[in-house]
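File shown: structure25.tsv. Contents: TSV, C-alpha atoms.
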```
chain	number	residue	atom	x	y	z
A	1	MET	CA	91.83	82.10	72.95
A	2	ASN	CA	94.25	80.42	70.54
A	3	TYR	CA	92.92	82.71	67.82
A	4	TYR	CA	95.25	85.39	69.15
A	5	PRO	CA	99.04	85.59	68.77
A	6	ALA	CA	101.04	83.98	71.59
A	7	SER	CA	101.88	87.20	73.45
A	8	ILE	CA	98.19	88.19	73.64
A	9	GLN	CA	97.20	84.68	74.73
A	10	ASN	CA	99.85	84.91	77.40
A	11	VAL	CA	98.56	88.14	78.91
A	12	ILE	CA	94.94	86.88	78.69
A	13	LYS	CA	95.96	83.72	80.58
A	14	ASN	CA	97.75	85.71	83.27
A	15	ILE	CA	94.96	88.26	83.71
A	16	SER	CA	92.24	85.59	83.85
A	17	ARG	CA	94.06	84.01	86.81
A	18	LEU	CA	93.00	87.00	88.91
A	19	PRO	CA	89.91	86.35	91.04
A	20	GLY	CA	86.58	87.29	89.47
A	21	ILE	CA	88.11	87.96	86.05
A	22	GLY	CA	86.86	85.56	83.39
A	23	GLU	CA	88.46	84.89	80.03
A	24	LYS	CA	86.12	87.30	78.24
A	25	THR	CA	87.05	90.19	80.56
A	26	ALA	CA	90.72	89.25	80.36
A	27	GLU	CA	90.48	89.41	76.57
A	28	ARG	CA	88.89	92.86	76.74
A	29	LEU	CA	91.57	94.12	79.15
A	30	ALA	CA	94.40	92.68	77.04
A	31	LEU	CA	93.07	94.41	73.93
A	32	HIS	CA	92.77	97.65	75.91
A	33	ILE	CA	96.36	97.41	77.11
A	34	LEU	CA	97.43	96.79	73.53
A	35	LYS	CA	95.78	100.03	72.43
A	36	ALA	CA	96.76	102.10	75.46
A	37	PRO	CA	99.95	104.20	75.51
A	38	ARG	CA	103.10	102.19	76.19
A	39	ILE	CA	103.85	104.20	79.34
A	40	GLU	CA	100.52	103.16	80.87
A	41	ALA	CA	101.28	99.46	80.36
A	42	GLU	CA	104.75	99.93	81.83
A	43	HIS	CA	103.40	101.72	84.90
A	44	LEU	CA	100.89	98.93	85.45
A	45	ALA	CA	103.54	96.23	85.10
A	46	ARG	CA	106.03	98.03	87.31
A	47	SER	CA	103.53	98.76	90.06
A	48	ILE	CA	102.62	95.06	90.18
A	49	VAL	CA	106.22	93.99	90.69
A	50	GLU	CA	106.91	96.81	93.17
A	51	LEU	CA	103.91	95.69	95.17
A	52	LYS	CA	105.62	92.37	95.81
A	53	ASP	CA	108.96	94.04	96.52
A	54	LYS	CA	107.90	96.78	98.88
A	55	ILE	CA	104.96	95.62	100.92
A	56	ARG	CA	105.62	93.98	104.27
A	57	LEU	CA	103.69	93.67	107.52
A	58	CYS	CA	103.92	96.37	110.18
A	59	THR	CA	106.00	94.89	113.01
A	60	SER	CA	103.57	96.25	115.60
A	61	CYS	CA	100.03	95.82	114.24
A	62	PHE	CA	100.62	93.53	111.20
A	63	ALA	CA	98.93	95.92	108.77
A	64	LEU	CA	100.25	96.10	105.21
A	65	SER	CA	103.01	98.67	105.14
A	66	ASP	CA	105.80	100.14	103.03
A	67	SER	CA	108.05	100.42	106.08
A	68	ASP	CA	108.74	98.57	109.33
A	69	LEU	CA	106.13	100.57	111.21
A	70	CYS	CA	102.91	101.38	109.34
A	71	SER	CA	101.66	104.95	108.91
A	72	ILE	CA	99.02	104.53	111.61
A	73	CYS	CA	101.34	103.03	114.25
A	74	SER	CA	103.88	105.81	113.60
A	75	ASP	CA	101.30	108.62	113.66
A	76	PRO	CA	101.73	110.57	116.96
A	77	ALA	CA	98.15	111.89	116.68
A	78	ARG	CA	96.55	108.44	117.10
A	79	ASP	CA	95.18	107.45	120.49
A	80	LYS	CA	97.53	104.71	121.72
A	81	SER	CA	95.22	103.67	124.54
A	82	LEU	CA	92.68	102.26	122.08
A	83	LEU	CA	93.24	99.05	120.10
A	84	CYS	CA	90.87	97.78	117.44
A	85	VAL	CA	91.26	94.05	116.67
A	86	VAL	CA	90.33	93.03	113.10
A	87	GLU	CA	90.77	89.91	111.01
A	88	GLN	CA	92.43	91.21	107.85
A	89	PRO	CA	94.13	94.37	106.49
A	90	ALA	CA	91.06	95.11	104.34
A	91	ASP	CA	88.91	95.20	107.51
A	92	MET	CA	91.21	97.85	108.95
A	93	VAL	CA	90.72	99.91	105.80
A	94	SER	CA	86.94	99.65	106.21
A	95	VAL	CA	87.11	100.89	109.80
A	96	GLU	CA	89.46	103.70	108.73
A	97	LYS	CA	87.04	104.75	105.99
A	98	SER	CA	84.25	105.03	108.56
A	99	GLY	CA	86.31	107.74	110.25
A	100	ALA	CA	84.93	106.62	113.63
A	101	PHE	CA	88.14	105.28	115.13
A	102	ARG	CA	91.28	107.22	116.10
A	103	GLY	CA	93.22	104.53	117.95
A	104	LEU	CA	95.61	101.84	116.76
A	105	TYR	CA	94.84	98.49	115.16
A	106	HIS	CA	95.83	94.89	115.64
A	107	ILE	CA	95.42	92.65	112.59
A	108	LEU	CA	94.97	89.00	113.58
A	109	SER	CA	95.81	87.87	110.03
A	110	GLY	CA	93.06	85.28	110.23
A	111	VAL	CA	90.27	84.02	112.40
A	112	LEU	CA	89.85	80.99	114.68
A	113	SER	CA	88.50	78.16	112.58
A	114	PRO	CA	88.81	74.63	114.03
A	115	MET	CA	87.21	73.24	110.84
A	116	ASN	CA	90.13	74.59	108.81
A	117	GLY	CA	92.71	73.75	111.46
A	118	VAL	CA	93.29	77.36	112.51
A	119	GLY	CA	93.87	77.58	116.26
A	120	PRO	CA	94.94	80.39	118.63
A	121	ASN	CA	98.62	79.85	117.78
A	122	ASP	CA	98.05	80.32	114.05
A	123	ILE	CA	96.83	83.92	114.28
A	124	LYS	CA	98.44	86.95	115.94
A	125	ILE	CA	96.94	86.45	119.43
A	126	ARG	CA	100.26	86.06	121.23
A	127	GLU	CA	101.39	89.31	119.61
A	128	LEU	CA	98.19	91.03	120.78
A	129	ILE	CA	98.82	89.96	124.37
A	130	SER	CA	102.41	91.20	124.25
A	131	ARG	CA	101.16	94.64	123.18
A	132	LEU	CA	99.34	94.91	126.52
A	133	LYS	CA	102.52	94.49	128.59
A	134	ASP	CA	103.43	98.19	128.88
A	135	GLY	CA	99.98	99.09	130.21
A	136	ARG	CA	99.31	101.86	127.71
A	137	VAL	CA	96.30	100.12	126.16
A	138	LYS	CA	93.09	100.87	128.09
A	139	GLU	CA	90.43	99.53	125.72
A	140	ILE	CA	90.33	96.77	123.12
A	141	VAL	CA	87.53	96.93	120.53
A	142	LEU	CA	86.84	93.50	119.07
A	143	ALA	CA	85.93	94.13	115.44
A	144	THR	CA	86.11	90.64	113.96
A	145	GLY	CA	83.30	89.64	111.58
A	146	THR	CA	79.78	88.81	112.75
A	147	ASN	CA	79.79	85.38	111.11
A	148	VAL	CA	80.29	82.17	113.13
A	149	GLU	CA	84.10	82.28	113.06
A	150	GLY	CA	84.36	86.00	113.76
A	151	GLU	CA	81.96	85.71	116.69
A	152	ALA	CA	83.84	82.69	118.08
A	153	THR	CA	87.15	84.54	117.80
A	154	ALA	CA	85.67	87.56	119.59
A	155	SER	CA	84.33	85.35	122.43
A	156	TYR	CA	87.68	83.59	122.75
A	157	LEU	CA	89.55	86.90	122.92
A	158	ALA	CA	87.03	88.40	125.39
A	159	GLN	CA	87.60	85.45	127.71
A	160	LEU	CA	91.38	85.53	127.29
A	161	LEU	CA	91.52	89.28	127.96
A	162	GLU	CA	89.55	89.04	131.21
A	163	LYS	CA	92.73	88.67	133.23
A	164	PHE	CA	94.23	91.90	131.84
A	165	PRO	CA	93.40	95.37	133.18
A	166	VAL	CA	91.75	96.49	129.94
A	167	LYS	CA	88.18	97.26	128.98
A	168	VAL	CA	87.04	94.89	126.23
A	169	THR	CA	84.27	96.00	123.86
A	170	ARG	CA	82.63	94.52	120.77
A	171	ILE	CA	81.39	96.54	117.78
A	172	ALA	CA	77.60	96.67	117.72
A	173	SER	CA	75.67	94.58	115.25
A	174	GLY	CA	72.09	95.22	114.21
A	175	VAL	CA	69.96	96.73	111.49
A	176	PRO	CA	72.19	98.39	108.83
A	177	MET	CA	71.74	102.17	108.50
A	178	GLY	CA	69.14	103.05	105.86
A	179	GLY	CA	67.73	99.55	106.29
A	180	ASP	CA	64.08	98.70	106.18
A	181	LEU	CA	63.04	96.36	109.00
A	182	LYS	CA	61.04	94.14	106.69
A	183	TYR	CA	64.16	93.30	104.68
A	184	VAL	CA	66.41	92.56	107.67
A	185	ASP	CA	67.12	88.90	108.38
A	186	GLN	CA	65.82	87.45	111.65
A	187	VAL	CA	69.20	86.71	113.24
A	188	THR	CA	70.25	90.35	112.77
A	189	LEU	CA	66.94	91.63	114.10
A	190	LYS	CA	67.16	89.32	117.13
A	191	ARG	CA	70.65	90.68	117.86
A	192	ALA	CA	69.48	94.27	117.38
A	193	MET	CA	66.68	93.65	119.86
A	194	GLU	CA	68.92	91.96	122.45
A	195	THR	CA	71.55	94.70	122.33
A	196	ARG	CA	69.10	97.61	122.31
A	197	HIS	CA	70.25	100.69	124.22
A	198	SER	CA	68.49	103.57	125.87
A	199	VAL	CA	68.25	106.81	123.90
B	1	MET	CA	92.26	104.54	98.90
B	2	ASN	CA	94.82	106.56	100.85
B	3	TYR	CA	94.35	104.15	103.72
B	4	TYR	CA	96.81	101.82	101.98
B	5	PRO	CA	100.59	102.19	101.75
B	6	ALA	CA	101.83	104.03	98.62
B	7	SER	CA	102.82	100.95	96.60
B	8	ILE	CA	99.35	99.42	97.04
B	9	GLN	CA	97.66	102.73	96.18
B	10	ASN	CA	99.83	102.86	93.09
B	11	VAL	CA	98.79	99.45	91.80
B	12	ILE	CA	95.13	100.17	92.63
B	13	LYS	CA	95.33	103.42	90.64
B	14	ASN	CA	96.92	101.68	87.64
B	15	ILE	CA	94.50	98.74	87.65
B	16	SER	CA	91.43	100.98	88.00
B	17	ARG	CA	92.49	102.78	84.79
B	18	LEU	CA	91.55	99.63	82.88
B	19	PRO	CA	88.09	99.79	81.30
B	20	GLY	CA	85.23	98.39	83.38
B	21	ILE	CA	87.38	98.00	86.50
B	22	GLY	CA	86.25	100.20	89.37
B	23	GLU	CA	88.27	101.15	92.40
B	24	LYS	CA	86.67	98.45	94.53
B	25	THR	CA	87.60	95.70	92.06
B	26	ALA	CA	91.08	97.17	91.64
B	27	GLU	CA	91.50	97.03	95.43
B	28	ARG	CA	90.43	93.37	95.48
B	29	LEU	CA	92.82	92.50	92.65
B	30	ALA	CA	95.72	94.37	94.26
B	31	LEU	CA	95.21	92.50	97.54
B	32	HIS	CA	95.06	89.24	95.59
B	33	ILE	CA	98.33	89.98	93.80
B	34	LEU	CA	99.87	90.79	97.16
B	35	LYS	CA	98.93	87.35	98.49
B	36	ALA	CA	99.69	85.40	95.30
B	37	PRO	CA	103.10	83.80	94.68
B	38	ARG	CA	105.74	86.24	93.52
B	39	ILE	CA	106.27	84.33	90.27
B	40	GLU	CA	102.61	84.85	89.33
B	41	ALA	CA	102.88	88.63	89.75
B	42	GLU	CA	106.09	88.67	87.73
B	43	HIS	CA	104.55	86.68	84.90
B	44	LEU	CA	101.59	89.03	84.81
B	45	ALA	CA	103.82	92.11	84.74
B	46	ARG	CA	106.16	90.67	82.13
B	47	SER	CA	103.36	89.55	79.81
B	48	ILE	CA	101.90	93.08	79.90
B	49	VAL	CA	105.18	94.66	78.81
B	50	GLU	CA	105.85	91.95	76.21
B	51	LEU	CA	102.44	92.59	74.73
B	52	LYS	CA	103.50	96.13	73.86
B	53	ASP	CA	106.88	94.96	72.57
B	54	LYS	CA	105.87	92.07	70.37
B	55	ILE	CA	102.48	92.73	68.87
B	56	ARG	CA	102.32	94.44	65.48
B	57	LEU	CA	99.81	94.38	62.62
B	58	CYS	CA	99.97	91.72	59.90
B	59	THR	CA	101.27	93.46	56.77
B	60	SER	CA	98.66	91.74	54.64
B	61	CYS	CA	95.39	91.64	56.60
B	62	PHE	CA	96.16	94.01	59.54
B	63	ALA	CA	95.30	91.43	62.18
B	64	LEU	CA	97.24	91.51	65.46
B	65	SER	CA	100.32	89.38	65.01
B	66	ASP	CA	103.63	88.33	66.59
B	67	SER	CA	105.32	88.36	63.17
B	68	ASP	CA	105.13	90.27	59.85
B	69	LEU	CA	102.55	87.88	58.43
B	70	CYS	CA	99.88	86.62	60.83
B	71	SER	CA	99.27	82.91	61.42
B	72	ILE	CA	96.14	82.91	59.25
B	73	CYS	CA	97.72	84.70	56.26
B	74	SER	CA	100.70	82.35	56.41
B	75	ASP	CA	98.60	79.19	56.75
B	76	PRO	CA	98.71	77.28	53.42
B	77	ALA	CA	95.49	75.46	54.29
B	78	ARG	CA	93.35	78.63	54.20
B	79	ASP	CA	91.26	79.37	51.13
B	80	LYS	CA	92.91	82.42	49.55
B	81	SER	CA	90.00	83.07	47.19
B	82	LEU	CA	87.77	84.11	50.10
B	83	LEU	CA	88.20	87.38	52.00
B	84	CYS	CA	86.18	88.33	55.08
B	85	VAL	CA	86.14	92.07	55.82
B	86	VAL	CA	85.73	92.97	59.50
B	87	GLU	CA	86.07	96.15	61.55
B	88	GLN	CA	88.44	95.12	64.32
B	89	PRO	CA	90.79	92.27	65.31
B	90	ALA	CA	88.29	91.11	67.97
B	91	ASP	CA	85.65	90.68	65.23
B	92	MET	CA	88.02	88.41	63.36
B	93	VAL	CA	88.42	86.32	66.50
B	94	SER	CA	84.62	86.01	66.78
B	95	VAL	CA	84.33	84.77	63.18
B	96	GLU	CA	87.22	82.35	63.78
B	97	LYS	CA	85.51	80.98	66.89
B	98	SER	CA	82.38	80.26	64.86
B	99	GLY	CA	84.48	77.85	62.79
B	100	ALA	CA	82.38	78.73	59.71
B	101	PHE	CA	85.04	80.53	57.69
B	102	ARG	CA	88.20	79.07	56.18
B	103	GLY	CA	89.36	81.98	54.03
B	104	LEU	CA	91.51	85.02	54.81
B	105	TYR	CA	90.55	88.24	56.59
B	106	HIS	CA	90.89	91.93	56.00
B	107	ILE	CA	90.71	94.10	59.11
B	108	LEU	CA	89.57	97.63	58.26
B	109	SER	CA	90.86	98.91	61.63
B	110	GLY	CA	87.77	101.08	61.95
B	111	VAL	CA	84.48	101.89	60.35
B	112	LEU	CA	83.23	104.80	58.23
B	113	SER	CA	81.89	107.43	60.58
B	114	PRO	CA	81.40	110.93	59.16
B	115	MET	CA	80.22	112.12	62.61
B	116	ASN	CA	83.63	111.21	64.06
B	117	GLY	CA	85.53	112.40	61.01
B	118	VAL	CA	86.44	108.90	59.82
B	119	GLY	CA	86.37	108.75	56.02
B	120	PRO	CA	87.40	106.10	53.44
B	121	ASN	CA	91.05	107.17	53.61
B	122	ASP	CA	91.21	106.66	57.37
B	123	ILE	CA	90.52	102.92	57.33
B	124	LYS	CA	92.24	100.15	55.35
B	125	ILE	CA	90.09	100.37	52.19
B	126	ARG	CA	92.93	101.25	49.82
B	127	GLU	CA	94.79	98.21	51.17
B	128	LEU	CA	91.73	96.02	50.58
B	129	ILE	CA	91.53	97.12	46.95
B	130	SER	CA	95.23	96.45	46.42
B	131	ARG	CA	94.71	92.86	47.63
B	132	LEU	CA	92.38	92.29	44.67
B	133	LYS	CA	95.05	93.15	42.06
B	134	ASP	CA	96.40	89.64	41.57
B	135	GLY	CA	92.94	88.22	40.85
B	136	ARG	CA	93.14	85.41	43.41
B	137	VAL	CA	90.24	86.70	45.49
B	138	LYS	CA	86.88	85.48	44.15
B	139	GLU	CA	84.53	86.44	46.98
B	140	ILE	CA	84.49	89.17	49.59
B	141	VAL	CA	82.26	88.64	52.64
B	142	LEU	CA	81.34	91.94	54.26
B	143	ALA	CA	81.21	91.21	57.99
B	144	THR	CA	81.13	94.70	59.46
B	145	GLY	CA	78.67	95.30	62.31
B	146	THR	CA	74.92	95.58	61.82
B	147	ASN	CA	74.72	98.99	63.46
B	148	VAL	CA	74.37	102.22	61.44
B	149	GLU	CA	78.09	102.69	60.83
B	150	GLY	CA	78.77	99.03	60.05
B	151	GLU	CA	75.88	98.95	57.58
B	152	ALA	CA	77.01	102.18	55.93
B	153	THR	CA	80.55	100.85	55.59
B	154	ALA	CA	79.23	97.63	54.05
B	155	SER	CA	77.12	99.59	51.53
B	156	TYR	CA	80.05	101.83	50.64
B	157	LEU	CA	82.32	98.82	50.08
B	158	ALA	CA	79.67	96.94	48.09
B	159	GLN	CA	79.36	99.91	45.74
B	160	LEU	CA	83.11	100.39	45.49
B	161	LEU	CA	83.69	96.71	44.72
B	162	GLU	CA	81.15	96.60	41.90
B	163	LYS	CA	83.83	97.42	39.34
B	164	PHE	CA	86.00	94.47	40.42
B	165	PRO	CA	85.46	90.91	39.19
B	166	VAL	CA	84.62	89.58	42.68
B	167	LYS	CA	81.43	88.31	44.21
B	168	VAL	CA	80.46	90.52	47.17
B	169	THR	CA	78.35	89.03	49.96
B	170	ARG	CA	77.11	90.27	53.32
B	171	ILE	CA	76.72	88.13	56.45
B	172	ALA	CA	73.06	87.45	57.22
B	173	SER	CA	71.33	89.27	60.02
B	174	GLY	CA	68.12	88.11	61.67
B	175	VAL	CA	66.78	86.33	64.70
B	176	PRO	CA	69.67	85.02	66.87
B	177	MET	CA	69.83	81.23	67.22
B	178	GLY	CA	67.92	79.99	70.23
B	179	GLY	CA	65.99	83.26	70.15
B	180	ASP	CA	62.31	83.56	70.93
B	181	LEU	CA	60.46	85.72	68.40
B	182	LYS	CA	58.63	87.64	71.09
B	183	TYR	CA	61.90	88.94	72.50
B	184	VAL	CA	63.44	89.98	69.19
B	185	ASP	CA	63.42	93.71	68.41
B	186	GLN	CA	61.36	94.89	65.46
B	187	VAL	CA	64.24	96.11	63.29
B	188	THR	CA	65.88	92.68	63.49
B	189	LEU	CA	62.62	90.91	62.77
B	190	LYS	CA	61.94	93.20	59.78
B	191	ARG	CA	65.38	92.39	58.41
B	192	ALA	CA	64.87	88.68	59.02
B	193	MET	CA	61.60	88.84	57.10
B	194	GLU	CA	63.07	90.81	54.20
B	195	THR	CA	66.04	88.49	53.79
B	196	ARG	CA	64.08	85.25	54.21
B	197	HIS	CA	65.33	82.39	52.07
B	198	SER	CA	63.72	79.24	50.67
B	199	VAL	CA	64.34	76.02	52.57
```
Full structure transcribed into structure tokens:
Amino acid sequence: MNYYPASIQNVIKNISRLPGIGEKTAERLALHILKAPRIEAEHLARSIVELKDKIRLCTSCFALSDSDLCSICSDPARDKSLLCVVEQPADMVSVEKSGAFRGLYHILSGVLSPMNGVGPNDIKIRELISRLKDGRVKEIVLATGTNVEGEATASYLAQLLEKFPVKVTRIASGVPMGGDLKYVDQVTLKRAMETRHSV
Amino acid sequence: MNYYPASIQNVIKNISRLPGIGEKTAERLALHILKAPRIEAEHLARSIVELKDKIRLCTSCFALSDSDLCSICSDPARDKSLLCVVEQPADMVSVEKSGAFRGLYHILSGVLSPMNGVGPNDIKIRELISRLKDGRVKEIVLATGTNVEGEATASYLAQLLEKFPVKVTRIASGVPMGGDLKYVDQVTLKRAMETRHSV
């Protein structure tokens, strides 16, 4: 790396700090930026700084947003009686991409994890409960992950929500679409069998 | 992508313009930058802009440099009688990393390629010749690539340099170190056989 002039070394160092980008890739990207039009480098640099300036959390659902209320929470066409609870903003994006959900979201900003010292007060559970106060929400879809922590969080929430007049559902887990049964792991297949439904 | 607020979409778009970075990776990097400390994002952005501001070509060897003369050309410890001719700045870095060369470089900034309309006047050949005027250079090592264009450029230069009182050499090509003969392609093995040397 010290075979390059200082300003190239500097950008290589900064790029290789990004996750999944090694020094070799960082070197390639730095040399590309060097060759690319000046305007392209400036746009890249500016968008990175603007990202830190502009993005905040939606005050209602805690999604990433450019304004106080995110575009989904402020969309009059969304079904406000449906709430989908996810762990992280990226999970919300995945559900959105599926096109199968037209309600609102609630981003927990984490998952219960006693091993890492994350308890119910460290994630947005209190905020979820307070969204139920006005009685508009009729169904809560628990869409946390299907790993140990996601499952535990879903169970905890299901129990907690029992005393509220809402229907609580959990996204189905089972054999992925296009999947071949012989390649599916046994835990997934067991779950698929247990939660089978009539057709 | 349009599931994110505009400033995230913007940074994803700009990052995914970089070579070898798809939209999915760009999304992951953007979300990382969002979470990372502000100072880290600012350093990244600033180093990108500085790169375009500071880097120029060394007036002697055409390497990337922070100043008029690059650190190698201005290093009194380098052997000025030896000149290694490479295609691109990154090739120079590779030779430097090998630690096997203590002379100066000459970066052609390209390679002869009639198919792409690149002729002798389009790369730094005239500049190479003018570096031979003062008679200090005793040996020129041709270290262009071993592909068709690199080989053709090396042949062209070897012929051109015949009329100058310099020794012209070509880096060896053959079986890579640590290589198993059964995995080496036939062209490489043929070359290795033809250029065998006594031990």
Item to complete: Residues of chain A near chain B: apply a cut-off of 8 Å, count all atoms listed in the file, and supply the list as a PyMOL selection string.
Response: chain A and resi 3-8+10-11+14-15+18-19+29+32-34+38+40-52+54-55+64-66+70-71+93+96-97
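The shortest atom-to-atom distance to Val141 (chain A), with all atoms listed in the file taken into account, belongs to A:Leu157 out of A:Ile123, A:Leu157, A:Val187, A:Cys73.
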Worksheet item: Which polymer residues have any atom within 8 Å of an atom of region 193-195 of chain A, counting only C-alpha atoms, with same-chain residues fewer than 2 positions away left out, as a list in words?
Response: Ala172, Gly174, Leu189, Lys190, Arg191 and His197 of chain A
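For the pair CA of Thr153 (chain A) and CA of Glu139 (chain A), the separation is 17.3 Å.
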Fill in: Protein and nucleic acid residues near (100.5, 91.8, 56.7) (cut-off 7 Å, only C-alpha atoms) as a list of chain:residue names
B:Leu57, B:Cys58, B:Thr59, B:Ser60, B:Cys61, B:Phe62, B:Asp68, B:Leu69, B:Cys70
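For the atom pair formed by CA of Ile125 (chain B) and CA of Leu108 (chain B), the distance is 6.7 Å, given to one decimal.
Using all atoms listed in the file, the residues found no farther than 9 Å from region 147-152 of chain B, other than those of its own chain fewer than 3 positions away, are B:Glu87, B:Val111, B:Leu112, B:Ser113, B:Ala143, B:Thr144, B:Ser155, B:Tyr156, B:Leu157.
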Response to the item:
Using all atoms listed in the file, the residue out of B:Lys124, B:Val85, B:Asp180, B:Lys167 with shortest distance to His106 (chain B) is B:Val85
Discussion item. So the first atom is CA of Thr169 (chain B) and the second is CA of Asn121 (chain B); what is the distance between them in Å, to one decimal place?
Written reply: 22.4 Å
